[in-house]
Amino acid sequence: MRRTGGPTDWRSVVRGKGWMVVALKGGSVLVFLSAGPPVRLSAQTIAITNATVYPISGPKIERGTVVFRDGRIVAVGSNVAVPTGAIQVDGTGKVVTPGLFHARSTLGLSEVGSVSSTNEANHSGDVNAAFNVAEGLDPETPLIPIARLEGVTTSLTGPTNGLVAGQAVLIDLAGDRVETLVAKSPAAMVINLNEDSKSAGGGSRAGVLQRLRQLFLDAQEYDKRKNDFRKNAMQELSAKAEELEALGPVLRGELPVVAVANRESDIASALRIAHDFRLRLIVAGGTEAWKIADDLARARVPVIINPINDIPTFDGPGARFDGPALLARAGVSVIIVEGETGGARNLRWSAGHAVRFGMAWDSALAAVTLNPAKALGVDDRYGSLEPGKVANLVVWSGDPLDFSSHADHVYIRGVEVPAKSRQIELLERYRTLPPRY
Amino acid sequence: MLSRPKCVLFLAGMLGCAAGAQTTSTAPTPAAPTGSGSSLSWDRPQYPSTYHRRPNPPVFIRNATVLTAAGPEQAGASVYFKDGRIVAVGKDLSPPADATVVDGTGKYVTPGVIDTHSHLGVYAAPGTFGEDDGNEATNPVTAQVWAEHSFWPQDPQIPLAVAGGVTIIQALPGSANLIGGRSATLRLVPARTVQEMKLPGAPYGLKMACGENPKRVYQNRGPSTRMGSMAGYREAFIRAERYRQKWDEWLKDKKGTPPDRDLQLETLADVLRGKILVHNHCYRADEMAQMLDLAREFGFKIRSFHHVVEGYKIADLLASEGVAASVWSDWCCFKMESFDAVPQNAALIQQAGARAIIHSDDPIGIQRLNQDAAKAMYAGQQAGIPITREQAIRWITANPAWALGIDSLTGTLEPGKAADVVLWSGDPFSIYSKAERVYNDGWLVYDRNDPKHQPATDFNLGITEPGVGR
């Protein structure tokens with residue numbers, strides 16, 4: 001995998017093609033897609049009619065219509081006229097939701113778990129702030145079609161290892177080039193404050209926090225004294241310049257930090273650090289977040305959680321199935337994810353599982369659509385069915401959170417995803433035996 | 001085992017023996033020599049079950065939808081059980097005066113869920129080195145080890161599985177070895193010792209493993225290839241063949257000194273005698289065909305393949321060989337041999353007439369085997385494979401009971417079977433349903449609405465909040 005030198009390097013990767021480079025205060029730049037991807041954009045207008053529509057941003061619409069064109073949603077409502085010439089999709093008896101947003105995955109970065117040549121999410125070393133995963137993405141991985149045929153359209157795809165794991169990117173699950181997959185890069189900085197990163201702190205959690213604080217202080221110092229740094233007129237810093245440079249947007253509050261923490265004390269540490277350095281914190285893992293839900297709500301810190309996990313370990317003995325429900329009740333913005341890359345197709349059932357253990361159905365649906373979009377600051381484009389937003393949406397045969405339903409149509413940036421996957425090809429080959437070669 | 005000579009070698013006889021053991025087990029006899037004056041270890045009881053059925057009032061669940069796993073789904077039906085046995089299931093029943101009546105309106109009743117593939121207790125939580133007892137990865141053939149000797153009854157994962165409706169598990173050694181050791185079939189009841197959980201009369205299983213795991217673990221010393229693995233199984237069974245011959249010869253008249261005892265070959269000899277059922281971790285279609293040939297070479301049967309990710313490619317072979325397939329609904333892509341997973345696997349195996357089973361191999365998955373069965377059922381239906389609810393409920397009840405050789409005891413809600421019963425809050429194939437009450441051999445081991453019936457393990461105390469499976 002290639003190590004990129006921080007957000008600025010993205011200009012060379014993404015030049016042109018509808019991308020926008022935005023200069024932010026402090027001289028750093030963030031790059032993101034400004035107006036949808038340049039590929040397979042259909043000028044065709046599509047209207048889904050007479051469906052039960054969950055816009056997420058507003059109440060459910062019975063017998064609603066959703067119109068989209070050029071990759072964007074044009075209209076949503078019960079009294080929406082179908083434009084002439086539009087392809088009409090009958091939604092009678094069906095449910096329409098935004099495409100599902102998986103906010104903690106390695107989709108595109110991992111194909112076969114045990115085969116290192118297909119895994120791009122790990123960077124050796126403790127501090128990898130400058131490591132951006134984008135150019136490790138494989139748009140051709142067979143796992144992407146498997147996930148999107150279950151309604152997953154968008155993923156926060158990120159690095160996994162190290163104290164500062166690196167930069168996660170937001171991708172839409174369609175496109176044959178990295179440039180077309182990526183919707184925002186970087187989208188978040190991932191750090192690990194769980195037991196996995198203890199070695200980065202000399203084997204102690206306190207050591208981890210001490211090292212992280214020093215890193216942030218050095219990044220602030222570096223930001224102020226770049227000239228001194230170039231002249232070698234500074235004390236030795238705790239990381240290389242490229243790492244400190246990459247932490248700039250984090251410390252200016254421009255780039256959210258996804259901090260993996262499970263134990264109550266680790267989550268409290270994350271809150272403390274976020275307060276001290278004014279970080280835009282998102283807690284991930286969150287096994288024991290329910291224990292500290294009021295603090296999280298007060299600090300407006302969203303929590304990314306896998307509701308399927310209730311196994312007690314010393315990294316979070318208080319795991320429980322109703323964690324998401326307790327968090328939501330306390331006013332925390334809950335983001336639901338699925339644990340395994342190969343299991344990304346199960347995202348909707350992770351949300352259903354949270355409902356099984358007390359979360360309101362609407363809240364669980366928001367937890368896989370609008371909540372992650374808001375947490376990552378992309379709710380101007382993602383997470384709900386509103387005019388102007390990216391036309392990522394799914395037509396379901398029934399309740400998307402239960403097993404009995406399936407995705408009838410999946411649209412990403414306004415284009416229907418073909419009902420094709422490696423799994424479907426295998427099924428068709430072996431549907432009747434002997435197989436059809 | 002050699003110490004149970006009363007059990008004949010063939011399956012039907014074995015089950016008869018098992019049922020007999022069940023009825024007499026409430027008064028376990030002390031471990032005393034049973035041989036004719038022999039003072040050697042081989043002729044003494046070998047780690048016998050001390051399981052007791054708890055006395056319980058009769059229970060009458062009324063007006064529920066009942067999936068018996070032995071016939072059509074019945075709406076508005078009642079289930080009556082007493083003294084640990086199912087007495088009656090049907091529509092026109094009225095509760096006896098001494099029965100505890102449970103209202104099942106809007107709820108569902110199924111047999112207790114049975115998992116053919118669990119590492120609860122041997123890979124216990126909290127998952128430290130202290131509980132890491134599942135793989136004796138010191139030699140590719142460790143037929144001499146018994147999972148029950150690793151099993152920790154205080155594993156906090158056990159009550160979580162119970163809250164998911166599970167009543168019986170097969171606790172297996174891990175899959176590092178070609179031959180990993182003996183399994184134990186256990187009732188998930190609160191207990192201080194594994195002996196108190198051992199299902200009386202259940203035959204032992206033998207864990208075998210194909211494919212990537214053994215060759216990865218032993219790549220430096222061998223076997224490091226699949227052909228090396230095949231040679232390893234064959235060598236072990238060749239030795240077992242001779243061992244069995246020697247012992248069977250001696251047992252005819254028991255004259256002179258008995259042959260040397262070898263724990264490894266003792267277990268494998270009982271496989272050859274048909275007394276121990278083979279459970280074979282195997283993913284790839286071509287590899288399962290090799291294992292079936294191996295079984296033919298040595299004259300034993302593979303009772304169930306486990307994981308069977310490519311089972312759908314040889315579903316016809318699985319059916320004609322009468323071997324069960326314990327599968328996940330859709331686990332995919334964590335290694336090469338899982339790369340061809342399809343969610344329709346169980347459905348295609350069922351359609352071919354083979355015995356499909358949904359298993360967990362996972363402390364989280366075991367808590368929602370009903371959901372995994374639902375996923376597999378709907379994946380089949382949506383692909384046009386006509387799977388019925390009656391078939392799908394058997395994937396987690398009657399079929400695993402068969403694979404464990406306990407189908408004459410449990411696995412369906414037929415009169416005379418053990419009162420292993422789950423009351424679900426709704427359709428067990430819906431994601432929203434939860435096990436509300438779990439009866440294990442008639443004992444209410446879990447009640448979601450009553451903290452008095454949510455037994456935590458010792459580990460839970462002072463560490464986690466009361467109330468498992470919330």
# chains A, B, ... in the order shown; residues from 1 in each chain; ligands from 1
call {"tool": "residues_around", "arguments": {"residues": "A:Pro302", "least_positions_apart": "5", "cutoff": "10 Å", "atoms": "only C-alpha atoms", "output": "ChimeraX atom specification"}}
result
/A:258,280-284,286,296-297,327-328,331-335,371-372,374-376
call {"tool": "write_last_selection", "arguments": {"atoms": "C-alpha atoms", "output": "PDB file, in the first residue's frame"}}
result
ATOM      1  CA  VAL A 258     -13.186   8.119  15.297  1.00  0.00           C
ATOM      2  CA  ARG A 280     -14.760  16.435  16.876  1.00  0.00           C
ATOM      3  CA  LEU A 281     -15.021  13.085  18.597  1.00  0.00           C
ATOM      4  CA  ILE A 282     -16.952  10.015  17.498  1.00  0.00           C
ATOM      5  CA  VAL A 283     -16.622   6.999  19.778  1.00  0.00           C
ATOM      6  CA  ALA A 284     -16.507   3.615  18.048  1.00  0.00           C
ATOM      7  CA  GLY A 286     -18.698   1.604  22.512  1.00  0.00           C
ATOM      8  CA  LEU A 296     -21.657  11.339  25.812  1.00  0.00           C
ATOM      9  CA  ALA A 297     -24.989  13.059  25.270  1.00  0.00           C
ATOM     10  CA  LEU A 327     -27.691   5.311  24.392  1.00  0.00           C
ATOM     11  CA  ALA A 328     -30.514   6.553  22.186  1.00  0.00           C
ATOM     12  CA  GLY A 331     -29.960  11.397  23.727  1.00  0.00           C
ATOM     13  CA  VAL A 332     -26.783  10.055  22.159  1.00  0.00           C
ATOM     14  CA  SER A 333     -26.651   9.910  18.380  1.00  0.00           C
ATOM     15  CA  VAL A 334     -26.256   6.186  17.731  1.00  0.00           C
ATOM     16  CA  ILE A 335     -24.590   4.815  14.613  1.00  0.00           C
ATOM     17  CA  ASN A 371     -26.814   9.664  11.970  1.00  0.00           C
ATOM     18  CA  PRO A 372     -23.519   8.578  10.378  1.00  0.00           C
ATOM     19  CA  LYS A 374     -24.330  13.928  10.362  1.00  0.00           C
ATOM     20  CA  ALA A 375     -21.459  12.642  12.473  1.00  0.00           C
ATOM     21  CA  LEU A 376     -19.119  12.811   9.486  1.00  0.00           C
TER      22      LEU A 376
END
call {"tool": "residues_around", "arguments": {"residues": "stretch 394-404 of chain A", "least_positions_apart": "6", "cutoff": "8 Å", "atoms": "only C-alpha atoms", "output": "ChimeraX atom specification"}}
result
/A:91,93-99,151,348-349,351-352,365,410-411 /B:374-375,378,429-432
call {"tool": "write_last_selection", "arguments": {"atoms": "N, CA and C atoms", "output": "short mmCIF file (atom, residue, chain, number, x, y, z; two decimals), in the first residue's frame"}}
result
data_model
loop_
_atom_site.label_atom_id
_atom_site.label_comp_id
_atom_site.auth_asym_id
_atom_site.auth_seq_id
_atom_site.Cartn_x
_atom_site.Cartn_y
_atom_site.Cartn_z
N GLY A 91 -43.86 1.30 -6.79
CA GLY A 91 -43.46 1.00 -5.42
C GLY A 91 -44.60 0.49 -4.55
N GLY A 93 -46.75 -1.33 -2.20
CA GLY A 93 -46.44 -2.37 -1.21
C GLY A 93 -44.97 -2.41 -0.82
N LYS A 94 -44.20 -1.48 -1.35
CA LYS A 94 -42.75 -1.49 -1.08
C LYS A 94 -42.37 -0.35 -0.15
N VAL A 95 -41.15 -0.44 0.31
CA VAL A 95 -40.61 0.54 1.25
C VAL A 95 -39.38 1.18 0.61
N VAL A 96 -39.30 2.50 0.69
CA VAL A 96 -38.13 3.19 0.16
C VAL A 96 -37.39 3.88 1.30
N THR A 97 -36.10 3.63 1.36
CA THR A 97 -35.25 4.29 2.36
C THR A 97 -34.01 4.84 1.67
N PRO A 98 -33.29 5.72 2.37
CA PRO A 98 -31.97 6.07 1.84
C PRO A 98 -31.11 4.81 1.79
N GLY A 99 -30.09 4.81 0.96
CA GLY A 99 -29.12 3.73 0.98
C GLY A 99 -28.50 3.63 2.35
N GLY A 151 -28.47 -3.47 0.19
CA GLY A 151 -28.86 -2.09 0.46
C GLY A 151 -27.78 -1.19 1.02
N ARG A 348 -28.30 -4.17 7.82
CA ARG A 348 -29.70 -3.86 8.14
C ARG A 348 -30.20 -4.72 9.30
N TRP A 349 -29.64 -5.92 9.40
CA TRP A 349 -30.08 -6.79 10.49
C TRP A 349 -29.41 -6.41 11.80
N ALA A 351 -29.20 -3.34 12.61
CA ALA A 351 -30.17 -2.34 13.05
C ALA A 351 -31.42 -3.03 13.60
N GLY A 352 -31.86 -4.07 12.93
CA GLY A 352 -33.03 -4.82 13.41
C GLY A 352 -32.78 -5.42 14.78
N LEU A 365 -33.25 2.87 12.08
CA LEU A 365 -33.06 3.17 10.66
C LEU A 365 -32.19 4.43 10.49
N VAL A 410 -31.61 -1.23 -5.88
CA VAL A 410 -30.64 -0.43 -5.16
C VAL A 410 -30.08 0.59 -6.14
N TYR A 411 -30.17 1.86 -5.77
CA TYR A 411 -29.63 2.92 -6.63
C TYR A 411 -28.46 3.59 -5.92
N ALA B 374 -33.46 -18.31 9.93
CA ALA B 374 -34.38 -17.44 9.19
C ALA B 374 -33.69 -16.85 7.97
N LYS B 375 -32.47 -16.36 8.17
CA LYS B 375 -31.73 -15.78 7.05
C LYS B 375 -31.55 -16.80 5.93
N TYR B 378 -35.02 -17.58 4.21
CA TYR B 378 -35.49 -16.53 3.29
C TYR B 378 -34.56 -16.38 2.09
N PHE B 429 -38.70 -16.78 13.35
CA PHE B 429 -38.00 -16.41 12.12
C PHE B 429 -38.03 -14.90 11.87
N SER B 430 -38.53 -14.15 12.86
CA SER B 430 -38.47 -12.69 12.76
C SER B 430 -37.31 -12.17 13.59
N ILE B 431 -36.71 -11.11 13.13
CA ILE B 431 -35.56 -10.56 13.87
C ILE B 431 -35.99 -9.97 15.21
N TYR B 432 -37.26 -9.64 15.35
CA TYR B 432 -37.70 -8.94 16.55
C TYR B 432 -38.03 -9.88 17.71
#
call {"tool": "closest_atom_pairs", "arguments": {"of": "chain A", "to": "chain B", "cutoff": "9 Å", "atoms": "only C-alpha atoms", "output": "Markdown table"}}
result
| residue | atom | partner | partner_atom | distance |
| --- | --- | --- | --- | --- |
| A:Glu111 | CA | B:Cys333 | CA | 6.8 |
| A:Val112 | CA | B:Cys333 | CA | 5.0 |
| A:Gly113 | CA | B:Phe334 | CA | 4.1 |
| A:Ser114 | CA | B:Lys335 | CA | 4.9 |
| A:Val115 | CA | B:Lys335 | CA | 6.8 |
| A:Leu143 | CA | B:Cys333 | CA | 8.4 |
| A:Ile308 | CA | B:Ile364 | CA | 7.2 |
| A:Asn309 | CA | B:Ile364 | CA | 6.7 |
| A:Asp310 | CA | B:Ile364 | CA | 7.3 |
| A:Ile311 | CA | B:Gln157 | CA | 6.6 |
| A:Pro312 | CA | B:Pro126 | CA | 5.7 |
| A:Thr313 | CA | B:Pro126 | CA | 4.2 |
| A:Phe314 | CA | B:Pro126 | CA | 6.3 |
| A:Asp315 | CA | B:Pro126 | CA | 8.9 |
| A:Pro317 | CA | B:Thr464 | CA | 6.4 |
| A:Gly318 | CA | B:Thr464 | CA | 5.4 |
| A:Ala319 | CA | B:Thr464 | CA | 8.3 |
| A:Arg320 | CA | B:Arg470 | CA | 6.7 |
| A:Phe321 | CA | B:Arg470 | CA | 5.8 |
| A:Asp322 | CA | B:Arg470 | CA | 6.1 |
| A:Glu340 | CA | B:Phe334 | CA | 9.0 |
| A:Thr341 | CA | B:Cys333 | CA | 8.5 |
| A:Gly342 | CA | B:Cys332 | CA | 5.4 |
| A:Gly343 | CA | B:Trp331 | CA | 7.0 |
| A:Trp349 | CA | B:Ile431 | CA | 7.5 |
| A:Gly352 | CA | B:Ile431 | CA | 6.3 |
| A:His353 | CA | B:Ile431 | CA | 6.5 |
| A:Ala354 | CA | B:Tyr432 | CA | 9.0 |
| A:Val355 | CA | B:Tyr432 | CA | 6.8 |
| A:Arg356 | CA | B:Tyr432 | CA | 4.4 |
| A:Phe357 | CA | B:Arg470 | CA | 6.7 |
| A:Leu401 | CA | B:Ile431 | CA | 7.7 |
| A:Asp402 | CA | B:Ile431 | CA | 5.4 |
| A:Phe403 | CA | B:Lys375 | CA | 5.8 |
| A:Ser404 | CA | B:Tyr378 | CA | 6.0 |
| A:Ser405 | CA | B:Tyr378 | CA | 8.2 |
| A:His406 | CA | B:Gln382 | CA | 7.9 |
| A:Arg422 | CA | B:Asp340 | CA | 8.3 |
| A:Gln423 | CA | B:Val342 | CA | 5.5 |
| A:Ile424 | CA | B:Val342 | CA | 7.8 |
| A:Leu426 | CA | B:Asp340 | CA | 7.4 |
| A:Leu427 | CA | B:Val342 | CA | 6.9 |
| A:Arg429 | CA | B:Lys313 | CA | 8.9 |
| A:Tyr430 | CA | B:Lys313 | CA | 5.9 |
| A:Arg431 | CA | B:Leu348 | CA | 7.1 |
| A:Thr432 | CA | B:Leu348 | CA | 8.6 |
| A:Leu433 | CA | B:Asp316 | CA | 7.2 |
| A:Pro434 | CA | B:Lys313 | CA | 8.5 |
| A:Pro435 | CA | B:Lys313 | CA | 7.7 |
call {"tool": "write_last_selection", "arguments": {"atoms": "N, CA and C atoms", "output": "compact mmCIF listing (two decimals), in the first residue's frame"}}
result
# COMPACT_ATOMS: atom_id res chain seq x y z
N GLU A 111 -10.45 -8.37 1.26
CA GLU A 111 -11.24 -9.29 0.44
C GLU A 111 -11.30 -10.67 1.10
N VAL A 112 -10.15 -11.30 1.26
CA VAL A 112 -10.11 -12.58 1.97
C VAL A 112 -9.32 -12.34 3.24
N GLY A 113 -10.00 -12.50 4.37
CA GLY A 113 -9.42 -12.11 5.65
C GLY A 113 -8.01 -12.63 5.89
N SER A 114 -7.79 -13.91 5.60
CA SER A 114 -6.51 -14.51 5.96
C SER A 114 -5.43 -14.30 4.90
N VAL A 115 -5.79 -13.66 3.81
CA VAL A 115 -4.82 -13.52 2.71
C VAL A 115 -4.29 -12.09 2.70
N LEU A 143 -16.72 -8.34 -2.68
CA LEU A 143 -17.50 -8.07 -1.47
C LEU A 143 -18.39 -6.84 -1.64
N ILE A 308 -24.60 -6.43 17.96
CA ILE A 308 -24.64 -7.89 18.05
C ILE A 308 -23.72 -8.39 19.16
N ASN A 309 -22.82 -7.54 19.63
CA ASN A 309 -21.79 -8.00 20.56
C ASN A 309 -22.24 -7.85 22.02
N ASP A 310 -22.30 -8.96 22.74
CA ASP A 310 -22.58 -8.89 24.18
C ASP A 310 -21.64 -9.79 24.96
N ILE A 311 -20.50 -10.13 24.37
CA ILE A 311 -19.57 -11.04 25.05
C ILE A 311 -18.69 -10.24 26.02
N PRO A 312 -18.69 -10.61 27.28
CA PRO A 312 -17.85 -9.86 28.22
C PRO A 312 -16.37 -10.18 28.05
N THR A 313 -15.58 -9.14 27.89
CA THR A 313 -14.12 -9.29 27.88
C THR A 313 -13.58 -8.20 28.81
N PHE A 314 -12.30 -8.24 29.08
CA PHE A 314 -11.74 -7.21 29.95
C PHE A 314 -11.62 -5.87 29.21
N ASP A 315 -11.85 -5.86 27.91
CA ASP A 315 -11.88 -4.60 27.18
C ASP A 315 -13.27 -3.97 27.22
N PRO A 317 -16.34 -5.49 29.82
CA PRO A 317 -17.15 -6.57 30.38
C PRO A 317 -18.65 -6.27 30.38
N GLY A 318 -19.00 -4.99 30.26
CA GLY A 318 -20.41 -4.63 30.35
C GLY A 318 -21.14 -4.65 29.02
N ALA A 319 -20.64 -5.42 28.05
CA ALA A 319 -21.34 -5.50 26.76
C ALA A 319 -22.77 -5.99 26.97
N ARG A 320 -23.71 -5.34 26.30
CA ARG A 320 -25.09 -5.81 26.39
C ARG A 320 -25.86 -5.42 25.14
N PHE A 321 -26.84 -6.29 24.83
CA PHE A 321 -27.59 -6.11 23.59
C PHE A 321 -28.38 -4.80 23.55
N ASP A 322 -28.81 -4.31 24.71
CA ASP A 322 -29.63 -3.10 24.66
C ASP A 322 -28.79 -1.83 24.78
N GLU A 340 -18.00 -7.57 10.72
CA GLU A 340 -17.05 -8.21 9.82
C GLU A 340 -17.17 -7.65 8.41
N THR A 341 -16.04 -7.55 7.72
CA THR A 341 -16.08 -7.08 6.34
C THR A 341 -16.95 -8.00 5.49
N GLY A 342 -16.71 -9.31 5.62
CA GLY A 342 -17.50 -10.28 4.85
C GLY A 342 -18.96 -10.28 5.24
N GLY A 343 -19.28 -9.62 6.35
CA GLY A 343 -20.66 -9.59 6.83
C GLY A 343 -21.32 -8.24 6.64
N TRP A 349 -29.64 -5.92 9.40
CA TRP A 349 -30.08 -6.79 10.49
C TRP A 349 -29.41 -6.41 11.80
N GLY A 352 -31.86 -4.07 12.93
CA GLY A 352 -33.03 -4.82 13.41
C GLY A 352 -32.78 -5.42 14.78
N HIS A 353 -31.57 -5.85 15.00
CA HIS A 353 -31.22 -6.43 16.29
C HIS A 353 -31.32 -5.40 17.41
N ALA A 354 -30.94 -4.17 17.10
CA ALA A 354 -31.07 -3.10 18.10
C ALA A 354 -32.54 -2.86 18.43
N VAL A 355 -33.40 -2.99 17.41
CA VAL A 355 -34.84 -2.84 17.66
C VAL A 355 -35.32 -3.98 18.55
N ARG A 356 -34.83 -5.17 18.27
CA ARG A 356 -35.18 -6.34 19.07
C ARG A 356 -34.91 -6.07 20.55
N PHE A 357 -33.87 -5.29 20.81
CA PHE A 357 -33.54 -5.00 22.20
C PHE A 357 -33.82 -3.55 22.56
N LEU A 401 -35.54 -4.01 8.02
CA LEU A 401 -34.76 -4.47 9.17
C LEU A 401 -35.05 -5.92 9.52
N ASP A 402 -36.01 -6.55 8.84
CA ASP A 402 -36.34 -7.94 9.17
C ASP A 402 -35.84 -8.87 8.06
N PHE A 403 -35.86 -10.17 8.36
CA PHE A 403 -35.28 -11.14 7.44
C PHE A 403 -36.14 -11.39 6.22
N SER A 404 -37.45 -11.19 6.36
CA SER A 404 -38.36 -11.61 5.30
C SER A 404 -38.32 -10.69 4.09
N SER A 405 -37.65 -9.55 4.22
CA SER A 405 -37.61 -8.61 3.09
C SER A 405 -36.32 -8.76 2.31
N HIS A 406 -36.32 -8.20 1.12
CA HIS A 406 -35.08 -8.11 0.35
C HIS A 406 -35.10 -6.80 -0.42
N ARG A 422 -20.63 -12.27 -7.35
CA ARG A 422 -19.97 -13.56 -7.46
C ARG A 422 -20.84 -14.65 -6.82
N GLN A 423 -21.50 -14.31 -5.73
CA GLN A 423 -22.37 -15.28 -5.06
C GLN A 423 -23.51 -15.72 -5.97
N ILE A 424 -24.08 -14.77 -6.68
CA ILE A 424 -25.19 -15.12 -7.57
C ILE A 424 -24.70 -16.02 -8.69
N LEU A 426 -22.21 -18.14 -8.51
CA LEU A 426 -22.01 -19.47 -7.93
C LEU A 426 -23.35 -20.18 -7.74
N LEU A 427 -24.33 -19.44 -7.23
CA LEU A 427 -25.67 -20.03 -7.03
C LEU A 427 -26.21 -20.56 -8.34
N ARG A 429 -24.65 -21.45 -11.03
CA ARG A 429 -23.89 -22.60 -11.53
C ARG A 429 -24.32 -23.89 -10.84
N TYR A 430 -24.58 -23.81 -9.53
CA TYR A 430 -24.83 -25.03 -8.76
C TYR A 430 -26.29 -25.18 -8.33
N ARG A 431 -27.16 -24.38 -8.88
CA ARG A 431 -28.57 -24.42 -8.46
C ARG A 431 -29.15 -25.80 -8.67
N THR A 432 -28.81 -26.39 -9.82
CA THR A 432 -29.16 -27.79 -10.04
C THR A 432 -27.86 -28.54 -10.32
N LEU A 433 -27.81 -29.78 -9.85
CA LEU A 433 -26.60 -30.59 -10.02
C LEU A 433 -26.88 -31.69 -11.03
N PRO A 434 -25.93 -32.08 -11.86
CA PRO A 434 -24.57 -31.55 -11.93
C PRO A 434 -24.54 -30.08 -12.35
N PRO A 435 -23.45 -29.40 -12.00
CA PRO A 435 -23.39 -27.96 -12.25
C PRO A 435 -23.36 -27.62 -13.73
call {"tool": "residues_around", "arguments": {"residues": "B:Pro428", "least_positions_apart": "6", "cutoff": "10 Å", "atoms": "only C-alpha atoms", "output": "list of chain:residue names"}}
result
B:Leu67, B:Lys107, B:Tyr108, B:Val109, B:Thr110, B:Arg368, B:Leu369, B:Asn370, B:Gln371, B:Ala373, B:Ala374, B:Arg389, B:Ile393, B:Val422, B:Lys434, B:Ala435
call {"tool": "select_by_dssp", "arguments": {"residues": "stretch 156-247 of chain A", "states": "strand (DSSP E or B)", "output": "number ranges by chain"}}
result
A: 156-157, 164-172, 182-192
